[in-house]
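Heads up, query-v9.pdb below (PDB, C-alpha atoms, pLDDT in the B column):
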ATOM      1  CA  MET A   1      68.707 200.744  62.713  1.00 46.00           C
ATOM      2  CA  ARG A   2      70.844 201.464  59.680  1.00 44.00           C
ATOM      3  CA  SER A   3      74.452 202.595  60.153  1.00 45.00           C
ATOM      4  CA  VAL A   4      75.475 205.540  57.986  1.00 48.00           C
ATOM      5  CA  LEU A   5      79.110 206.396  57.495  1.00 44.00           C
ATOM      6  CA  THR A   6      79.754 210.040  58.141  1.00 49.00           C
ATOM      7  CA  GLY A   7      82.682 212.262  59.044  1.00 49.00           C
ATOM      8  CA  ARG A   8      85.798 210.495  60.170  1.00 47.00           C
ATOM      9  CA  ARG A   9      84.506 206.940  59.522  1.00 49.00           C
ATOM     10  CA  LEU A  10      83.631 207.870  55.932  1.00 44.00           C
ATOM     11  CA  ALA A  11      87.050 209.433  55.332  1.00 44.00           C
ATOM     12  CA  VAL A  12      88.869 206.354  56.701  1.00 44.00           C
ATOM     13  CA  THR A  13      86.699 204.005  54.633  1.00 44.00           C
ATOM     14  CA  LEU A  14      87.336 205.995  51.455  1.00 43.00           C
ATOM     15  CA  ALA A  15      91.093 206.191  52.149  1.00 43.00           C
ATOM     16  CA  VAL A  16      91.346 202.422  52.683  1.00 42.00           C
ATOM     17  CA  GLY A  17      89.364 201.801  49.497  1.00 44.00           C
ATOM     18  CA  ALA A  18      91.633 204.128  47.507  1.00 43.00           C
ATOM     19  CA  VAL A  19      94.786 202.411  48.815  1.00 39.00           C
ATOM     20  CA  LEU A  20      93.413 198.969  47.955  1.00 40.00           C
ATOM     21  CA  ALA A  21      92.373 200.092  44.470  1.00 41.00           C
ATOM     22  CA  ALA A  22      95.756 201.707  43.805  1.00 39.00           C
ATOM     23  CA  GLY A  23      97.592 198.626  45.045  1.00 41.00           C
ATOM     24  CA  GLY A  24      95.527 196.399  42.757  1.00 38.00           C
ATOM     25  CA  ALA A  25      96.195 198.644  39.768  1.00 34.00           C
ATOM     26  CA  ALA A  26      99.921 198.751  40.517  1.00 34.00           C
ATOM     27  CA  THR A  27     100.037 194.983  40.852  1.00 32.00           C
ATOM     28  CA  ALA A  28      98.203 194.538  37.543  1.00 33.00           C
ATOM     29  CA  TYR A  29     100.589 196.981  35.824  1.00 30.00           C
ATOM     30  CA  ALA A  30     103.636 195.242  37.270  1.00 34.00           C
ATOM     31  CA  ALA A  31     102.349 191.854  36.143  1.00 34.00           C
ATOM     32  CA  GLN A  32     101.769 193.219  32.649  1.00 36.00           C
ATOM     33  CA  ASP A  33     104.913 195.306  32.112  1.00 41.00           C
ATOM     34  CA  GLY A  34     107.258 194.256  34.891  1.00 45.00           C
ATOM     35  CA  GLU A  35     110.301 192.087  34.683  1.00 47.00           C
ATOM     36  CA  GLY A  36     109.491 188.500  33.910  1.00 45.00           C
ATOM     37  CA  ALA A  37     106.540 189.467  31.712  1.00 47.00           C
ATOM     38  CA  ASP A  38     105.344 186.674  29.449  1.00 50.00           C
ATOM     39  CA  ARG A  39     106.101 188.539  26.235  1.00 57.00           C
ATOM     40  CA  PRO A  40     109.147 189.921  24.473  1.00 65.00           C
ATOM     41  CA  PRO A  41     109.935 193.632  24.617  1.00 76.00           C
ATOM     42  CA  THR A  42     108.436 195.636  21.783  1.00 83.00           C
ATOM     43  CA  VAL A  43     111.068 197.796  20.131  1.00 89.00           C
ATOM     44  CA  LYS A  44     111.253 199.064  16.563  1.00 94.00           C
ATOM     45  CA  ILE A  45     115.045 199.205  16.408  1.00 96.00           C
ATOM     46  CA  THR A  46     116.743 195.803  16.419  1.00 96.00           C
ATOM     47  CA  ALA A  47     120.124 195.087  17.966  1.00 97.00           C
ATOM     48  CA  GLU A  48     121.625 195.049  14.470  1.00 97.00           C
ATOM     49  CA  ALA A  49     120.192 198.498  13.615  1.00 97.00           C
ATOM     50  CA  ALA A  50     121.245 199.878  17.013  1.00 98.00           C
ATOM     51  CA  ALA A  51     124.802 198.613  16.419  1.00 98.00           C
ATOM     52  CA  ASP A  52     124.850 200.337  13.024  1.00 97.00           C
ATOM     53  CA  ALA A  53     123.642 203.642  14.534  1.00 97.00           C
ATOM     54  CA  ALA A  54     126.205 203.409  17.359  1.00 98.00           C
ATOM     55  CA  LEU A  55     129.077 202.820  14.931  1.00 97.00           C
ATOM     56  CA  LYS A  56     128.013 205.765  12.779  1.00 97.00           C
ATOM     57  CA  ALA A  57     128.114 207.977  15.885  1.00 96.00           C
ATOM     58  CA  SER A  58     131.353 206.500  17.238  1.00 96.00           C
ATOM     59  CA  PRO A  59     133.377 204.310  14.823  1.00 97.00           C
ATOM     60  CA  GLY A  60     135.111 201.246  16.205  1.00 97.00           C
ATOM     61  CA  ARG A  61     134.093 197.800  17.490  1.00 97.00           C
ATOM     62  CA  ILE A  62     131.105 197.170  19.737  1.00 98.00           C
ATOM     63  CA  GLY A  63     132.009 195.149  22.826  1.00 97.00           C
ATOM     64  CA  GLU A  64     128.637 195.365  24.533  1.00 98.00           C
ATOM     65  CA  LEU A  65     125.118 196.228  23.401  1.00 98.00           C
ATOM     66  CA  ASP A  66     122.222 196.185  25.865  1.00 97.00           C
ATOM     67  CA  LEU A  67     118.549 197.115  25.719  1.00 96.00           C
ATOM     68  CA  ASP A  68     117.949 199.301  28.782  1.00 92.00           C
ATOM     69  CA  ASP A  69     115.365 201.596  30.261  1.00 84.00           C
ATOM     70  CA  ASP A  70     116.290 205.259  29.726  1.00 74.00           C
ATOM     71  CA  GLU A  71     113.979 207.411  31.867  1.00 79.00           C
ATOM     72  CA  GLY A  72     110.948 205.237  31.113  1.00 82.00           C
ATOM     73  CA  LYS A  73     111.796 204.684  27.425  1.00 87.00           C
ATOM     74  CA  ALA A  74     113.568 201.730  25.886  1.00 93.00           C
ATOM     75  CA  ALA A  75     117.068 202.584  24.697  1.00 96.00           C
ATOM     76  CA  TRP A  76     120.082 200.682  23.455  1.00 97.00           C
ATOM     77  CA  SER A  77     123.411 201.252  25.198  1.00 97.00           C
ATOM     78  CA  ALA A  78     126.507 200.413  23.145  1.00 98.00           C
ATOM     79  CA  ASP A  79     130.065 200.210  24.455  1.00 97.00           C
ATOM     80  CA  VAL A  80     132.311 201.030  21.483  1.00 97.00           C
ATOM     81  CA  LEU A  81     136.066 200.420  21.400  1.00 97.00           C
ATOM     82  CA  ALA A  82     137.624 203.080  19.127  1.00 96.00           C
ATOM     83  CA  ALA A  83     140.729 202.510  17.006  1.00 93.00           C
ATOM     84  CA  ASP A  84     142.825 204.552  19.477  1.00 93.00           C
ATOM     85  CA  GLY A  85     141.822 202.193  22.327  1.00 92.00           C
ATOM     86  CA  SER A  86     139.399 204.599  24.004  1.00 94.00           C
ATOM     87  CA  ARG A  87     135.895 203.470  24.852  1.00 96.00           C
ATOM     88  CA  HIS A  88     132.695 205.365  24.169  1.00 96.00           C
ATOM     89  CA  GLU A  89     129.171 204.770  25.401  1.00 97.00           C
ATOM     90  CA  VAL A  90     126.504 205.506  22.800  1.00 97.00           C
ATOM     91  CA  ARG A  91     122.772 205.586  23.683  1.00 96.00           C
ATOM     92  CA  ILE A  92     120.220 204.927  20.917  1.00 97.00           C
ATOM     93  CA  ASP A  93     116.438 205.378  21.140  1.00 96.00           C
ATOM     94  CA  ALA A  94     114.928 201.890  20.649  1.00 96.00           C
ATOM     95  CA  ASP A  95     111.876 203.278  18.833  1.00 95.00           C
ATOM     96  CA  SER A  96     113.411 205.831  16.463  1.00 96.00           C
ATOM     97  CA  GLY A  97     117.069 204.806  16.125  1.00 96.00           C
ATOM     98  CA  LYS A  98     118.114 208.359  16.990  1.00 96.00           C
ATOM     99  CA  VAL A  99     121.382 208.702  18.899  1.00 96.00           C
ATOM    100  CA  LEU A 100     120.483 210.077  22.339  1.00 95.00           C
ATOM    101  CA  GLY A 101     124.051 210.737  23.369  1.00 94.00           C
ATOM    102  CA  SER A 102     127.650 209.655  23.110  1.00 93.00           C
ATOM    103  CA  ALA A 103     130.374 210.065  25.719  1.00 94.00           C
ATOM    104  CA  LYS A 104     133.879 208.832  26.300  1.00 91.00           C
ATOM    105  CA  ASP A 105     133.766 206.076  28.901  1.00 81.00           C
ATOM    106  CA  ASP A 106     136.672 206.148  31.332  1.00 72.00           C
ATOM    107  CA  ALA A 107     135.767 202.973  33.268  1.00 58.00           C
ATOM    108  CA  GLU A 108     139.318 202.208  34.426  1.00 48.00           C
ATOM    109  CA  ALA A 109     139.807 205.701  35.875  1.00 46.00           C
ATOM    110  CA  ASP A 110     136.403 205.464  37.565  1.00 47.00           C
ATOM    111  CA  GLY A 111     137.209 202.008  38.951  1.00 45.00           C
ATOM    112  CA  ASP A 112     134.189 200.554  37.129  1.00 50.00           C
ATOM    113  CA  ASP A 113     136.121 197.854  35.258  1.00 48.00           C
ATOM    114  CA  GLU A 114     135.312 195.075  37.729  1.00 50.00           C
ATOM    115  CA  ASP A 115     135.295 192.253  35.187  1.00 49.00           C
ATOM    116  CA  GLY A 116     138.371 193.209  33.136  1.00 52.00           C
ATOM    117  CA  ASP A 117     136.376 194.099  30.012  1.00 62.00           C
ATOM    118  CA  ASP A 118     138.635 197.109  29.426  1.00 69.00           C
ATOM    119  CA  SER A 119     141.930 195.215  29.635  1.00 85.00           C
ATOM    120  CA  PRO A 120     144.391 195.469  26.716  1.00 90.00           C
ATOM    121  CA  ALA A 121     144.075 191.707  26.121  1.00 91.00           C
ATOM    122  CA  GLN A 122     140.268 191.956  25.930  1.00 92.00           C
ATOM    123  CA  ALA A 123     140.531 194.952  23.552  1.00 93.00           C
ATOM    124  CA  LYS A 124     142.924 193.020  21.286  1.00 94.00           C
ATOM    125  CA  ALA A 125     140.620 189.980  21.277  1.00 95.00           C
ATOM    126  CA  LEU A 126     137.651 192.208  20.363  1.00 96.00           C
ATOM    127  CA  ASN A 127     139.603 193.850  17.532  1.00 94.00           C
ATOM    128  CA  ASP A 128     140.721 190.427  16.256  1.00 95.00           C
ATOM    129  CA  ALA A 129     137.206 188.913  16.379  1.00 96.00           C
ATOM    130  CA  LYS A 130     135.946 187.853  12.962  1.00 97.00           C
ATOM    131  CA  VAL A 131     132.288 188.116  14.062  1.00 97.00           C
ATOM    132  CA  THR A 132     130.839 191.516  15.028  1.00 97.00           C
ATOM    133  CA  ALA A 133     128.172 192.189  17.653  1.00 97.00           C
ATOM    134  CA  ALA A 134     125.559 192.707  14.903  1.00 97.00           C
ATOM    135  CA  GLN A 135     126.532 189.433  13.211  1.00 97.00           C
ATOM    136  CA  ALA A 136     126.362 187.604  16.548  1.00 98.00           C
ATOM    137  CA  ALA A 137     122.829 188.968  17.101  1.00 97.00           C
ATOM    138  CA  THR A 138     121.753 187.833  13.622  1.00 97.00           C
ATOM    139  CA  SER A 139     123.247 184.353  14.132  1.00 96.00           C
ATOM    140  CA  ALA A 140     121.599 183.982  17.544  1.00 97.00           C
ATOM    141  CA  LEU A 141     118.161 184.759  16.076  1.00 96.00           C
ATOM    142  CA  LYS A 142     118.571 181.910  13.566  1.00 96.00           C
ATOM    143  CA  THR A 143     118.851 179.516  16.505  1.00 95.00           C
ATOM    144  CA  ALA A 144     116.456 181.202  18.954  1.00 95.00           C
ATOM    145  CA  PRO A 145     113.859 183.440  17.256  1.00 95.00           C
ATOM    146  CA  GLY A 146     112.691 186.449  19.254  1.00 95.00           C
ATOM    147  CA  VAL A 147     114.126 189.815  20.290  1.00 95.00           C
ATOM    148  CA  VAL A 148     117.812 190.240  21.090  1.00 97.00           C
ATOM    149  CA  THR A 149     118.158 192.214  24.337  1.00 96.00           C
ATOM    150  CA  SER A 150     121.903 191.932  24.969  1.00 97.00           C
ATOM    151  CA  VAL A 151     125.112 191.159  23.066  1.00 98.00           C
ATOM    152  CA  ASP A 152     128.350 191.024  25.093  1.00 98.00           C
ATOM    153  CA  PHE A 153     131.894 190.154  24.063  1.00 98.00           C
ATOM    154  CA  THR A 154     133.296 187.570  26.462  1.00 96.00           C
ATOM    155  CA  SER A 155     135.224 184.315  26.435  1.00 93.00           C
ATOM    156  CA  ALA A 156     134.121 180.705  26.550  1.00 93.00           C
ATOM    157  CA  ASN A 157     136.666 178.055  27.502  1.00 90.00           C
ATOM    158  CA  GLY A 158     139.433 180.603  26.983  1.00 91.00           C
ATOM    159  CA  GLN A 159     138.289 181.487  23.464  1.00 94.00           C
ATOM    160  CA  PRO A 160     136.719 184.810  22.356  1.00 97.00           C
ATOM    161  CA  ALA A 161     132.957 184.557  22.197  1.00 98.00           C
ATOM    162  CA  TRP A 162     129.704 186.519  22.186  1.00 98.00           C
ATOM    163  CA  SER A 163     127.045 186.097  24.853  1.00 98.00           C
ATOM    164  CA  VAL A 164     123.627 186.915  23.351  1.00 98.00           C
ATOM    165  CA  GLU A 165     120.347 187.113  25.268  1.00 97.00           C
ATOM    166  CA  VAL A 166     117.145 186.537  23.301  1.00 97.00           C
ATOM    167  CA  VAL A 167     113.568 186.867  24.562  1.00 95.00           C
ATOM    168  CA  GLY A 168     111.221 184.562  22.640  1.00 93.00           C
ATOM    169  CA  LYS A 169     107.597 185.201  21.693  1.00 87.00           C
ATOM    170  CA  ASP A 170     106.542 183.276  24.809  1.00 88.00           C
ATOM    171  CA  GLY A 171     108.645 185.574  27.029  1.00 89.00           C
ATOM    172  CA  GLY A 172     111.241 182.889  27.731  1.00 92.00           C
ATOM    173  CA  GLU A 173     114.837 184.112  27.810  1.00 95.00           C
ATOM    174  CA  ARG A 174     117.643 182.192  26.145  1.00 96.00           C
ATOM    175  CA  ASP A 175     121.354 182.769  26.718  1.00 97.00           C
ATOM    176  CA  LEU A 176     123.377 181.847  23.662  1.00 97.00           C
ATOM    177  CA  THR A 177     127.158 181.696  23.392  1.00 97.00           C
ATOM    178  CA  LEU A 178     128.632 182.092  19.915  1.00 97.00           C
ATOM    179  CA  ALA A 179     132.243 181.724  18.800  1.00 97.00           C
ATOM    180  CA  ALA A 180     133.724 185.115  17.867  1.00 97.00           C
ATOM    181  CA  THR A 181     135.799 183.386  15.196  1.00 95.00           C
ATOM    182  CA  ASP A 182     133.010 181.937  13.040  1.00 95.00           C
ATOM    183  CA  GLY A 183     129.645 182.572  14.740  1.00 94.00           C
ATOM    184  CA  ARG A 184     128.859 178.941  15.509  1.00 95.00           C
ATOM    185  CA  VAL A 185     126.661 178.340  18.530  1.00 96.00           C
ATOM    186  CA  LEU A 186     128.644 177.003  21.487  1.00 96.00           C
ATOM    187  CA  GLY A 187     125.811 177.096  24.001  1.00 95.00           C
ATOM    188  CA  ASN A 188     122.053 177.641  24.098  1.00 94.00           C
ATOM    189  CA  VAL A 189     120.511 177.685  27.562  1.00 95.00           C
ATOM    190  CA  LEU A 190     117.003 178.558  28.725  1.00 91.00           C
ATOM    191  CA  ASP A 191     117.398 181.229  31.411  1.00 83.00           C
ATOM    192  CA  ARG A 192     115.297 180.299  34.436  1.00 72.00           C
ATOM    193  CA  ASP A 193     114.648 183.135  36.875  1.00 66.00           C
ATOM    194  CA  ASP A 194     113.034 180.820  39.410  1.00 54.00           C
ATOM    195  CA  ASP A 195     116.330 179.632  40.977  1.00 48.00           C
TER
END

Can you turn what I pasted into structure tokens?
Amino acid sequence: MRSVLTGRRLAVTLAVGAVLAAGGAATAYAAQDGEGADRPPTVKITAEAAADAALKASPGRIGELDLDDDEGKAAWSADVLAADGSRHEVRIDADSGKVLGSAKDDAEADGDDEDGDDSPAQAKALNDAKVTAAQAATSALKTAPGVVTSVDFTSANGQPAWSVEVVGKDGGERDLTLAATDGRVLGNVLDRDDD
């Protein structure tokens, strides 16, 4: 005798099948586009072009430039130190280069300055740096070809430096440290997410 699924048994079987299919599709999507994907991000606007757009919107010195996700779209976020010492966050569309927004960033008042990036000493070091964020990105790509995803002003062994993250064509991430005085590479490390 042949068993035919009807009523409640059919509904349960279909529901389980739908959940399994959706889970498989979500897993495939995550493997393709999720973090740790084996390919660099595809953006039309480079770090250098994003820095230029940010400085046109809010003149000063860029202390941090990161490629982020802005409501499902890639966008650059630039932290700009203005001549008067104020900081501004500028968001740039990573496909068009259009400025999405600019706002004064009051990190100290908000208590968000956990790492001291907004200290007067850090601001002076950024203003005195001979190498800009855009120049650091360009220099990093000469050593590690790929897509720059982050440029941050920092220090290395007590000296002003740029930390630049580059994703290569194979999807591997490299963390480069460049001297803020002359752009020479101080460190070049393959970032391993498996630790």

inquiry  = Please list as an MDAnalysis selection string every residue within 7 Å of stretch 94-100 of chain A, counting all atoms listed in the file and excluding residues in the same chain fewer than 5 positions away.
reply    = chainID A and resid 43:45 50 53 74:76

Write the residues of the preceding selection, restricted to C-alpha atoms, as a compact mmCIF listing (two decimals), keeping the file's coordinate frame.
# COMPACT_ATOMS: atom_id res chain seq x y z
CA VAL A 43 111.07 197.80 20.13
CA LYS A 44 111.25 199.06 16.56
CA ILE A 45 115.04 199.20 16.41
CA ALA A 50 121.24 199.88 17.01
CA ALA A 53 123.64 203.64 14.53
CA ALA A 74 113.57 201.73 25.89
CA ALA A 75 117.07 202.58 24.70
CA TRP A 76 120.08 200.68 23.46

key: Between atom CA of A:Ile92 and atom CA of A:Glu71 - distance in Å to one decimal   = 12.8 Å

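Point (129.8, 191.1, 26.4) has the following residues at most 8 Å away: Gly63, Glu64, Leu65, Val151, Asp152, Phe153, Thr154, Trp162 and Ser163 of chain A (atoms considered: only C-alpha atoms).
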
Would you output that residue set with C-alpha atoms, as a CSV table (one decimal), in the coordinates of the input?
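File written: result.csv
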chain,number,residue,atom,x,y,z
A,63,GLY,CA,132.0,195.1,22.8
A,64,GLU,CA,128.6,195.4,24.5
A,65,LEU,CA,125.1,196.2,23.4
A,151,VAL,CA,125.1,191.2,23.1
A,152,ASP,CA,128.4,191.0,25.1
A,153,PHE,CA,131.9,190.2,24.1
A,154,THR,CA,133.3,187.6,26.5
A,162,TRP,CA,129.7,186.5,22.2
A,163,SER,CA,127.0,186.1,24.9

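Picture a line from atom CA of A:Gly146 to atom CA of A:Val166; it runs 6.0 Å.
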
Please evaluate the PyMOL selection byres ((chain A and resi 52) around 12) against the displayed coordinates and give the resulting residues as a PDB file with C-alpha atoms, in the frame of the given file.
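As a result, out.pdb now contains:
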ATOM      1  CA  ILE A  45     115.045 199.205  16.408  1.00 96.00           C
ATOM      2  CA  THR A  46     116.743 195.803  16.419  1.00 96.00           C
ATOM      3  CA  ALA A  47     120.124 195.087  17.966  1.00 97.00           C
ATOM      4  CA  GLU A  48     121.625 195.049  14.470  1.00 97.00           C
ATOM      5  CA  ALA A  49     120.192 198.498  13.615  1.00 97.00           C
ATOM      6  CA  ALA A  50     121.245 199.878  17.013  1.00 98.00           C
ATOM      7  CA  ALA A  51     124.802 198.613  16.419  1.00 98.00           C
ATOM      8  CA  ALA A  53     123.642 203.642  14.534  1.00 97.00           C
ATOM      9  CA  ALA A  54     126.205 203.409  17.359  1.00 98.00           C
ATOM     10  CA  LEU A  55     129.077 202.820  14.931  1.00 97.00           C
ATOM     11  CA  LYS A  56     128.013 205.765  12.779  1.00 97.00           C
ATOM     12  CA  ALA A  57     128.114 207.977  15.885  1.00 96.00           C
ATOM     13  CA  SER A  58     131.353 206.500  17.238  1.00 96.00           C
ATOM     14  CA  PRO A  59     133.377 204.310  14.823  1.00 97.00           C
ATOM     15  CA  GLY A  60     135.111 201.246  16.205  1.00 97.00           C
ATOM     16  CA  ARG A  61     134.093 197.800  17.490  1.00 97.00           C
ATOM     17  CA  ILE A  62     131.105 197.170  19.737  1.00 98.00           C
ATOM     18  CA  LEU A  65     125.118 196.228  23.401  1.00 98.00           C
ATOM     19  CA  TRP A  76     120.082 200.682  23.455  1.00 97.00           C
ATOM     20  CA  ALA A  78     126.507 200.413  23.145  1.00 98.00           C
ATOM     21  CA  VAL A  80     132.311 201.030  21.483  1.00 97.00           C
ATOM     22  CA  VAL A  90     126.504 205.506  22.800  1.00 97.00           C
ATOM     23  CA  ILE A  92     120.220 204.927  20.917  1.00 97.00           C
ATOM     24  CA  GLY A  97     117.069 204.806  16.125  1.00 96.00           C
ATOM     25  CA  LYS A  98     118.114 208.359  16.990  1.00 96.00           C
ATOM     26  CA  VAL A  99     121.382 208.702  18.899  1.00 96.00           C
ATOM     27  CA  THR A 132     130.839 191.516  15.028  1.00 97.00           C
ATOM     28  CA  ALA A 133     128.172 192.189  17.653  1.00 97.00           C
ATOM     29  CA  ALA A 134     125.559 192.707  14.903  1.00 97.00           C
ATOM     30  CA  GLN A 135     126.532 189.433  13.211  1.00 97.00           C
TER      31      GLN A 135
END

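The residues returned by the PyMOL selection byres ((chain A and resi 86) around 10) on the shown structure are Gly60, Val80, Leu81, Ala82, Ala83, Asp84, Gly85, Arg87, His88, Lys104, Asp105, Asp106, Asp118 and Ala123 of chain A.
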